[in-house]
Each structure stands twice: as C-alpha cells, then as structure tokens.
file data_22.cif (mmCIF, C-alpha atoms)
data_run
loop_
_atom_site.label_atom_id
_atom_site.label_comp_id
_atom_site.auth_asym_id
_atom_site.auth_seq_id
_atom_site.Cartn_x
_atom_site.Cartn_y
_atom_site.Cartn_z
CA MET S 1 114.93 128.57 85.76
CA GLY S 2 112.39 130.13 83.43
CA GLU S 3 108.79 130.77 84.36
CA HIS S 4 107.70 127.54 82.68
CA GLY S 5 110.63 125.26 83.59
CA PHE S 6 113.86 124.35 81.84
CA LEU S 7 115.51 122.02 79.34
CA ALA S 8 119.06 120.91 80.15
CA GLU S 9 121.64 118.31 79.21
CA CYS S 10 123.65 117.37 82.28
CA GLN S 11 125.54 114.76 84.27
CA LEU S 12 123.30 112.33 86.16
CA GLN S 13 123.66 109.85 88.98
CA VAL S 14 121.32 106.92 88.30
CA ASN S 15 120.24 104.58 91.09
CA GLU S 16 118.34 101.53 89.84
CA ARG S 17 116.79 99.12 92.31
CA VAL S 18 115.00 95.80 91.79
CA GLU S 19 112.67 94.99 94.69
CA GLY S 20 111.38 91.64 93.43
CA PHE S 21 110.15 89.66 90.44
CA ARG S 22 107.09 88.03 88.91
CA GLU S 23 106.58 84.28 88.91
CA SER S 24 103.53 82.79 87.18
CA GLY S 25 101.93 86.23 87.25
CA GLU S 26 102.46 86.65 91.00
CA ARG S 27 104.54 89.49 92.44
CA LYS S 28 107.25 88.33 94.81
CA PHE S 29 109.30 90.79 96.86
CA TYR S 30 112.81 90.16 98.14
CA SER S 31 111.85 91.73 101.48
CA ASP S 32 109.43 88.83 102.04
CA LEU S 33 111.52 86.06 100.49
CA ARG S 34 114.67 86.86 102.46
CA GLN S 35 112.97 85.66 105.66
CA GLU S 36 113.57 82.11 104.42
CA LYS S 37 116.35 82.71 101.88
CA SER S 38 118.85 85.25 103.19
CA TRP S 39 120.59 85.63 99.84
CA MET S 40 117.46 87.07 98.24
CA THR S 41 118.07 90.80 98.68
CA PRO S 42 117.14 93.84 96.57
CA LYS S 43 119.46 94.37 93.61
CA THR S 44 120.91 97.81 92.93
CA ARG S 45 122.95 99.47 90.20
CA ASP S 46 124.50 102.92 90.61
CA PHE S 47 126.27 104.67 87.76
CA ARG S 48 127.05 108.10 86.39
CA THR S 49 125.89 109.04 82.93
CA THR S 50 124.59 111.90 80.81
CA GLY S 51 121.00 112.76 80.08
CA VAL S 52 118.42 115.39 79.27
CA VAL S 53 116.15 116.85 81.94
CA MET S 54 112.86 118.52 81.02
CA ARG S 55 111.21 120.34 83.88
CA ILE S 56 107.71 121.34 82.79
CA ASP S 57 105.91 123.64 85.20
CA GLU S 58 102.54 123.40 83.46
CA ASP S 59 99.11 122.26 84.67
CA TRP S 60 98.63 119.82 81.78
CA PHE S 61 101.89 118.04 82.67
CA LYS S 62 100.64 117.36 86.22
CA ARG S 63 97.64 115.33 85.10
CA PRO S 64 97.81 111.63 86.08
CA GLY S 65 99.76 109.51 83.61
CA VAL S 66 100.84 112.36 81.32
CA LYS S 67 104.52 112.67 82.20
CA GLN S 68 105.17 108.92 82.15
CA LEU S 69 103.39 108.59 78.81
CA LEU S 70 105.36 111.49 77.36
CA ALA S 71 108.68 110.12 78.64
CA SER S 72 108.11 106.64 77.20
CA SER S 73 106.82 108.05 73.89
CA LEU S 74 109.90 110.26 73.44
CA ARG S 75 112.19 107.34 74.25
CA ASP S 76 110.45 105.03 71.76
CA LEU S 77 110.61 107.73 69.10
CA MET S 78 114.34 108.27 69.65
CA LEU S 79 114.98 104.55 69.26
CA ARG S 80 113.34 104.59 65.84
CA GLU S 81 114.58 107.94 64.55
CA PHE S 82 118.23 107.60 65.56
CA SER S 83 118.67 103.80 65.37
CA ILE S 84 119.48 103.45 69.07
CA SER S 85 119.30 100.06 70.77
CA ALA S 86 116.57 99.70 73.38
CA GLN S 87 119.06 98.87 76.14
CA ASP S 88 121.15 101.99 75.49
CA ILE S 89 118.75 104.74 76.61
CA ASP S 90 115.98 104.90 79.17
CA ALA S 91 113.40 107.39 80.44
CA VAL S 92 111.87 108.13 83.83
CA ALA S 93 109.28 110.56 85.15
CA THR S 94 109.19 109.64 88.85
CA ASN S 95 111.67 109.55 91.75
CA ILE S 96 113.74 112.43 90.36
CA ALA S 97 115.84 114.58 92.67
CA MET S 98 118.20 117.50 92.22
CA ILE S 99 121.20 117.82 94.51
CA ARG S 100 121.67 121.31 95.91
CA ASN S 101 123.64 122.24 99.03
CA GLY S 102 124.24 118.54 99.62
CA GLN S 103 120.53 117.67 99.79
CA ARG S 104 118.45 115.70 97.30
CA GLU S 105 115.55 118.04 96.63
CA SER S 106 112.67 116.23 94.99
CA ILE S 107 111.11 117.51 91.78
CA SER S 108 107.87 115.94 90.59
CA ASP S 109 107.27 118.06 87.47
CA ALA S 110 110.04 116.64 85.28
CA LEU S 111 111.02 113.80 82.99
CA VAL S 112 114.51 112.54 82.16
CA LEU S 113 115.93 110.70 79.15
CA PHE S 114 119.38 109.27 79.84
CA ASP S 115 122.10 106.96 78.56
CA ALA S 116 121.58 103.60 80.23
CA THR S 117 125.13 102.44 79.45
CA HIS S 118 128.44 103.36 81.04
CA GLY S 119 130.59 105.92 79.26
CA THR S 120 129.97 109.28 77.65
CA LEU S 121 128.33 108.37 74.34
CA ARG S 122 125.62 111.03 74.84
CA LEU S 123 123.05 108.96 72.98
CA SER S 124 120.25 110.98 74.60
CA GLU S 125 121.66 114.25 73.22
CA PRO S 126 119.06 114.53 70.38
CA ALA S 127 116.38 115.13 73.02
CA TYR S 128 118.23 118.36 73.83
CA LEU S 129 119.46 119.49 70.41
CA ASN S 130 116.55 118.28 68.28
CA LEU S 131 113.52 118.36 70.56
CA GLY S 132 111.56 120.42 68.01
CA TYR S 133 112.22 117.77 65.36
CA LEU S 134 111.13 115.01 67.74
CA LEU S 135 107.91 116.91 68.42
CA ASP S 136 107.25 117.16 64.68
CA ARG S 137 107.72 113.40 64.30
CA LEU S 138 105.57 112.71 67.34
CA GLU S 139 102.81 114.94 65.99
CA ARG S 140 102.95 113.18 62.64
CA SER S 141 102.65 109.83 64.40
CA VAL S 142 99.61 111.04 66.34
CA SER S 143 97.93 112.42 63.21
CA THR S 144 98.15 109.03 61.49
CA THR S 145 96.80 107.10 64.48
CA LEU S 146 93.10 106.32 64.45
CA THR S 147 92.66 106.50 68.23
CA GLU S 148 94.33 108.50 70.99
CA ASP S 149 92.83 106.53 73.88
CA GLN S 150 96.09 104.81 74.85
CA GLY S 151 98.65 107.29 73.57
CA ILE S 152 99.73 110.88 73.14
CA SER S 153 96.91 113.24 72.18
CA GLN S 154 97.09 116.22 69.85
CA ASP S 155 96.31 118.50 72.80
CA MET S 156 99.38 117.19 74.62
CA ILE S 157 101.56 117.82 71.56
CA THR S 158 100.25 121.37 71.28
CA ALA S 159 100.84 122.05 74.98
CA PHE S 160 104.34 120.56 74.78
CA ARG S 161 105.22 122.71 71.76
CA THR S 162 103.90 125.83 73.51
CA TRP S 163 106.10 125.04 76.52
CA LEU S 164 109.15 124.70 74.27
CA ASP S 165 108.36 128.00 72.55
CA HIS S 166 108.17 129.69 75.96
CA LEU S 167 111.61 128.34 76.88
CA GLU S 168 113.17 129.70 73.72
CA GLY S 169 111.68 133.10 74.48
CA GLU S 170 112.96 133.06 78.05
CA ASN S 171 116.52 132.05 77.09
CA ALA S 172 116.31 129.20 79.61
CA ASP S 173 119.84 128.04 78.85
CA ALA S 174 121.15 130.89 81.00
CA ALA S 175 119.37 129.66 84.11
CA SER S 176 121.39 129.06 87.27
CA THR S 177 120.78 126.23 89.72
CA ASP S 178 120.58 128.87 92.45
CA ASP S 179 117.34 130.09 90.88
CA LEU S 180 115.65 126.68 90.78
CA GLU S 181 112.64 126.19 92.98
CA VAL S 182 111.64 122.93 94.60
CA GLY S 183 108.14 121.85 95.41
CA GLU S 184 106.76 122.52 98.87
CA GLY S 185 109.94 121.74 100.82
CA TRP S 186 110.20 118.04 99.90
CA ILE S 187 113.62 116.40 99.82
CA GLN S 188 114.70 112.84 99.08
CA VAL S 189 116.33 111.04 102.03
CA PHE S 190 117.59 107.61 102.98
CA ASP S 191 114.78 106.08 105.00
CA ILE S 192 115.06 104.92 108.60
CA GLY S 193 116.62 101.46 108.74
CA SER S 194 118.79 102.01 105.67
CA ILE S 195 122.40 100.88 105.83
CA VAL S 196 124.52 103.50 104.09
CA ALA S 197 128.11 104.75 104.16
CA ARG S 198 129.37 107.73 106.16
CA ARG S 199 132.54 109.39 104.88
CA ASP S 200 134.81 110.58 107.71
CA ASN S 201 137.30 113.46 107.69
CA GLN S 202 139.99 111.19 106.23
CA GLY S 203 137.75 110.16 103.35
CA GLU S 204 137.18 106.62 104.63
CA LEU S 205 133.72 105.06 104.40
CA HIS S 206 131.99 103.44 107.39
CA ASP S 207 128.70 101.53 107.27
CA VAL S 208 126.01 103.09 109.46
CA LYS S 209 122.33 102.38 110.04
CA VAL S 210 120.01 105.38 109.75
CA THR S 211 117.83 105.85 112.84
CA GLY S 212 116.36 109.29 112.16
CA HIS S 213 116.57 112.68 110.46
CA GLU S 214 117.18 116.17 111.80
CA PHE S 215 117.37 119.64 110.29
CA SER S 216 119.71 122.32 111.60
CA LEU S 217 120.21 125.95 110.60
CA ILE S 218 123.88 126.40 109.69
CA ASP S 219 125.30 129.40 107.84
CA ASP S 220 121.80 130.75 107.22
CA ARG S 221 120.57 127.62 105.47
CA VAL S 222 118.68 124.55 106.65
CA GLN S 223 120.82 121.42 106.40
CA LEU S 224 119.86 117.77 106.72
CA PHE S 225 121.58 115.45 109.19
CA TYR S 226 121.18 111.69 109.59
CA ARG S 227 121.09 110.13 113.04
CA TYR S 228 122.75 106.73 113.17
CA ASP S 229 123.32 103.93 115.65
CA ILE S 230 126.77 103.46 117.22
CA GLY S 231 125.77 100.85 119.80
CA ARG S 232 125.86 103.30 122.72
CA PRO S 233 123.29 105.74 124.18
CA VAL S 234 124.95 108.63 122.35
CA LYS S 235 123.36 110.89 119.74
CA ALA S 236 125.49 110.44 116.62
CA MET S 237 124.74 112.46 113.47
CA ALA S 238 126.24 112.87 110.01
CA SER S 239 125.57 115.61 107.47
CA ALA S 240 123.78 114.64 104.28
CA GLU S 241 126.89 115.62 102.28
CA SER S 242 128.90 112.88 104.02
CA VAL S 243 126.39 110.05 103.50
CA GLU S 244 126.41 107.86 100.39
CA ALA S 245 124.49 104.87 99.07
CA VAL S 246 126.39 101.58 99.17
CA GLY S 247 125.29 97.99 98.76
CA SER S 248 121.58 97.20 98.60
CA GLU S 249 120.33 97.60 102.17
CA TRP S 250 118.85 101.06 101.73
CA THR S 251 115.60 102.66 100.64
CA VAL S 252 114.61 106.25 99.96
CA ALA S 253 111.68 108.31 101.14
CA TYR S 254 110.53 111.92 100.83
CA LEU S 255 110.68 114.21 103.84
CA ASN S 256 109.13 117.66 104.13
CA ARG S 257 111.63 119.90 105.88
CA GLU S 258 108.88 122.35 106.84
CA THR S 259 106.30 119.98 108.34
CA GLY S 260 108.31 116.82 109.06
CA GLU S 261 105.85 114.69 107.07
CA LYS S 262 107.34 111.63 105.35
CA ARG S 263 106.06 109.85 102.23
CA LYS S 264 107.21 106.90 100.17
CA SER S 265 106.44 108.73 96.93
CA LEU S 266 105.31 112.16 95.76
CA ASP S 267 103.67 110.82 92.63
CA ASN S 268 100.02 109.87 92.44
CA GLU S 269 100.69 107.47 89.60
CA ALA S 270 102.51 104.18 89.81
CA ASP S 271 106.16 104.04 88.91
#
call {"tool": "encode", "arguments": {"input": "data_22.cif", "output": "structure tokens"}}
result
Amino acid sequence: MGEHGFLAECQLQVNERVEGFRESGERKFYSDLRQEKSWMTPKTRDFRTTGVVMRIDEDWFKRPGVKQLLASSLRDLMLREFSISAQDIDAVATNIAMIRNGQRESISDALVLFDATHGTLRLSEPAYLNLGYLLDRLERSVSTTLTEDQGISQDMITAFRTWLDHLEGENADAASTDDLEVGEGWIQVFDIGSIVARRDNQGELHDVKVTGHEFSLIDDRVQLFYRYDIGRPVKAMASAESVEAVGSEWTVAYLNRETGEKRKSLDNEAD
C-alpha cells in the first residue's frame, strides 16, 4: 500500500442484509416483529462479484459524511456517463472489511463501487481505468452548480485529485496485501448469538451458535477463534477460517484484538 492508500480492482464478497422496513413513515424491525410473527426474519443476500476499492488515507476523507457523499456521487456519475442501469452497480463507504490470514480486518478509510449483479460483467471497471476522467466530469458538474451545500465541493475534488496524483507517483499498483495496514487492531466478527456454519475436516458444514471470541498466538500470528455451544459443559472453538455466514440468523460486530472492546460500527456517520 502506498503512503496515501491504494486503488484496486478486485474480487469481492458482498453481504447485503435487510433488518426491517418502513410503513407509513415508521421504522419496523424484523427483530421486534418476529416476536409475534416468526416468519419475519432479516433478509440476506450473499454473492461474489467484482468491484473497485479506493482506500484514501487522508484527513479530508475522514470528515463526517465525506466518504458516503463521494461514493454516491461517483456511482451516480457512472450511471450517466456509461449508460449503466441503476440496479447494476452500487457503492458503499461503511462496513468494509479485508480478509487477511482468515480474519476480516475492518477498514474505515475506503469506499467501494461494485457490480450489484451476478456474473463478471465488470461494469464498475471505469472507476479503476478512467477515474481521472470521472473526476473531470465531477468537477465540471460542481462548477456548474450554484450551491455546494448538499453536494461535492470544489475543495473535495481538489483533494481527491491530489490523492490520485500521489498514487500514480507511488506506483500503487505494485502494492502487496502483506503491506496493508489496518486501523487500530479492529476486525469484523460474527457477533455473539449468531448462527453460522462451521466447516469440519471433511468439508461438511454444521450450524453452530456463537457464544464468544478468543485470540490465540499460533505460528507467530494472532488468530481469531469462535466459541460455540455444543449442549455440554465443554469449551468448543472453531478458527475464523472455518466459519462461514449461512442463512439470516447472524449479525456482525467489530472487535479490537488488542483491547477486547466491541462495537457495532466503526463509523461515526449513519450507514
């Protein structure tokens, strides 16, 4: 990774989750409704796709609302410039994790544009190959807008362009994932109470309920293990590499492997 971050097109695993809905302007959550209607459970969709990751290690990018605004603006611009349907690409700037050594290490200084459809159409590819062009179009759009109160500002465009210039000078394409740094020891984990699948030595999946987390030093690196219930007073654990998301009875949280602190989100802004 370069000093200022990286720009990469890569394979992604997307986990989408619907926790509820709005009715007559009121938020209703499945976790509350299922007490009376058991069939009302969170809806999930997991799929593999391609996308473009922009990790921007800059102070301006960490200001509240900036990364989400930039992600949505780039997506909207790509829809117009490349005649892409709105349902075919999406953008996120929160709940992003990078898998390394079997652990989901959270990164909060990034945005991702990705293909929201199955297959390998690589509709988000222009964000990687033609980011400079997209910045030019975005700057032109800003210059013709009378107010910047609710949108991208010229200062943001300038800072974004400076970041891209730095990447080109650092030859960021040659970066290795071994050189990537993660913020303050935070990793993404399945939260306590989640029902997930544990893959055994024969490759078969077994549903387990997460009851806790532990870290162990193995082969000179700290590895995450999940404790799970087996119905007996025995301490059962599974490595993070052997645990997968299945169904819809799971949630994620962020755990600091140095302090043990747990959070629901690392972002100050709403998703």
call {"tool": "resolve_selection", "arguments": {"input": "data_22.cif", "expression": "the PyMOL selection byres ((chain S and resi 110-114) around 8)", "output": "ChimeraX atom specification"}}
result
/S:49-56,67-68,71,75,89-94,96,107-109,115-116,123-124,127
call {"tool": "closest_residue", "arguments": {"input": "data_22.cif", "among": "S:Ser239, S:Trp186, S:Arg17, S:Glu214", "to": "S:Arg199", "atoms": "all atoms listed in the file"}}
result
S:Ser239
call {"tool": "closest_residue", "arguments": {"input": "data_22.cif", "among": "S:Lys235, S:Leu70, S:Val243, S:Ser153", "to": "S:Asp200", "atoms": "only C-alpha atoms"}}
result
S:Val243
call {"tool": "closest_atom_pairs", "arguments": {"input": "data_22.cif", "of": "stretch 15-134 of chain S", "to": "stretch 154-171 of chain S", "cutoff": "10 Å", "atoms": "all atoms listed in the file", "output": "JSON lines"}}
result
{"residue": "S:Met54", "atom": "CA", "partner": "S:Leu164", "partner_atom": "CA", "distance": 9.9}
{"residue": "S:Ile56", "atom": "CA", "partner": "S:Trp163", "partner_atom": "CA", "distance": 7.5}
{"residue": "S:Asp57", "atom": "CA", "partner": "S:Trp163", "partner_atom": "CA", "distance": 8.8}
{"residue": "S:Glu58", "atom": "CA", "partner": "S:Trp163", "partner_atom": "CA", "distance": 8.0}
{"residue": "S:Asp59", "atom": "CA", "partner": "S:Ala159", "partner_atom": "CA", "distance": 9.8}
{"residue": "S:Trp60", "atom": "CA", "partner": "S:Ala159", "partner_atom": "CA", "distance": 7.5}
{"residue": "S:Phe61", "atom": "CA", "partner": "S:Met156", "partner_atom": "CA", "distance": 8.5}
{"residue": "S:Val66", "atom": "CA", "partner": "S:Met156", "partner_atom": "CA", "distance": 8.4}
{"residue": "S:Leu70", "atom": "CA", "partner": "S:Met156", "partner_atom": "CA", "distance": 8.7}
{"residue": "S:Leu131", "atom": "CA", "partner": "S:Leu164", "partner_atom": "CA", "distance": 8.5}
{"residue": "S:Gly132", "atom": "CA", "partner": "S:Arg161", "partner_atom": "CA", "distance": 7.7}
call {"tool": "resolve_selection", "arguments": {"input": "data_22.cif", "expression": "the PyMOL selection byres ((chain S and resi 196) around 9)", "output": "PDB file with C-alpha atoms, keeping the file's coordinate frame"}}
result
ATOM      1  CA  PHE S 190     117.590 107.610 102.980  1.00  0.00           C
ATOM      2  CA  SER S 194     118.790 102.010 105.670  1.00  0.00           C
ATOM      3  CA  ILE S 195     122.400 100.880 105.830  1.00  0.00           C
ATOM      4  CA  ALA S 197     128.110 104.750 104.160  1.00  0.00           C
ATOM      5  CA  ARG S 198     129.370 107.730 106.160  1.00  0.00           C
ATOM      6  CA  HIS S 206     131.990 103.440 107.390  1.00  0.00           C
ATOM      7  CA  ASP S 207     128.700 101.530 107.270  1.00  0.00           C
ATOM      8  CA  VAL S 208     126.010 103.090 109.460  1.00  0.00           C
ATOM      9  CA  LYS S 209     122.330 102.380 110.040  1.00  0.00           C
ATOM     10  CA  VAL S 210     120.010 105.380 109.750  1.00  0.00           C
ATOM     11  CA  VAL S 243     126.390 110.050 103.500  1.00  0.00           C
ATOM     12  CA  GLU S 244     126.410 107.860 100.390  1.00  0.00           C
ATOM     13  CA  ALA S 245     124.490 104.870  99.070  1.00  0.00           C
ATOM     14  CA  VAL S 246     126.390 101.580  99.170  1.00  0.00           C
ATOM     15  CA  GLY S 247     125.290  97.990  98.760  1.00  0.00           C
ATOM     16  CA  SER S 248     121.580  97.200  98.600  1.00  0.00           C
ATOM     17  CA  GLU S 249     120.330  97.600 102.170  1.00  0.00           C
ATOM     18  CA  TRP S 250     118.850 101.060 101.730  1.00  0.00           C
TER      19      TRP S 250
END
call {"tool": "atom_distance", "arguments": {"input": "data_22.cif", "atom1": "atom CA of S:Ala8", "atom2": "atom CA of S:Ser72"}}
result
18.2 Å
call {"tool": "atom_distance", "arguments": {"input": "data_22.cif", "atom1": "atom CA of S:Asn95", "atom2": "atom CA of S:Leu266"}}
result
8.0 Å
call {"tool": "residues_around", "arguments": {"input": "data_22.cif", "residues": "S:Phe225", "least_positions_apart": "4", "cutoff": "12 Å", "atoms": "only C-alpha atoms", "output": "PyMOL selection string"}}
result
chain S and resi 102-103+189-190+198+210-218+235-243+257
call {"tool": "resolve_selection", "arguments": {"input": "data_22.cif", "expression": "the PyMOL selection byres ((chain S and resi 253) around 10)", "output": "list in words"}}
result
Asn95, Trp186, Ile187, Gln188, Val189, Phe190, Asp191, Ile192, Thr251, Val252, Tyr254, Leu255, Lys262, Arg263, Lys264, Ser265 and Leu266 of chain S
call {"tool": "decode", "arguments": {"input": "data_22.cif", "residues": "stretch 24-55 of chain S", "atoms": "C-alpha atoms", "output": "short mmCIF file (atom, residue, chain, number, x, y, z; two decimals), in the first residue's frame"}}
result
data_model
loop_
_atom_site.label_atom_id
_atom_site.label_comp_id
_atom_site.auth_asym_id
_atom_site.auth_seq_id
_atom_site.Cartn_x
_atom_site.Cartn_y
_atom_site.Cartn_z
CA SER S 24 -46.43 4.90 6.94
CA GLY S 25 -43.13 6.58 7.76
CA GLU S 26 -42.48 4.34 10.78
CA ARG S 27 -39.42 2.10 11.01
CA LYS S 28 -40.23 -1.51 11.77
CA PHE S 29 -37.52 -4.05 12.56
CA TYR S 30 -37.81 -7.78 11.98
CA SER S 31 -36.15 -8.41 15.35
CA ASP S 32 -39.21 -6.85 17.03
CA LEU S 33 -41.87 -8.18 14.66
CA ARG S 34 -40.73 -11.80 14.85
CA GLN S 35 -41.90 -11.99 18.47
CA GLU S 36 -45.44 -12.25 17.11
CA LYS S 37 -44.75 -13.38 13.54
CA SER S 38 -41.95 -15.95 13.46
CA TRP S 39 -41.60 -15.80 9.68
CA MET S 40 -40.49 -12.17 9.81
CA THR S 41 -36.71 -12.56 9.88
CA PRO S 42 -33.86 -10.44 8.48
CA LYS S 43 -33.29 -10.98 4.76
CA THR S 44 -29.78 -11.58 3.45
CA ARG S 45 -28.10 -11.88 0.07
CA ASP S 46 -24.52 -13.10 -0.34
CA PHE S 47 -22.78 -13.09 -3.69
CA ARG S 48 -19.36 -12.79 -5.28
CA THR S 49 -18.69 -10.01 -7.75
CA THR S 50 -16.05 -7.58 -8.98
CA GLY S 51 -15.52 -4.03 -7.86
CA VAL S 52 -13.15 -1.14 -7.33
CA VAL S 53 -11.75 -0.32 -3.90
CA MET S 54 -10.40 3.14 -3.11
CA ARG S 55 -8.58 3.37 0.19
#
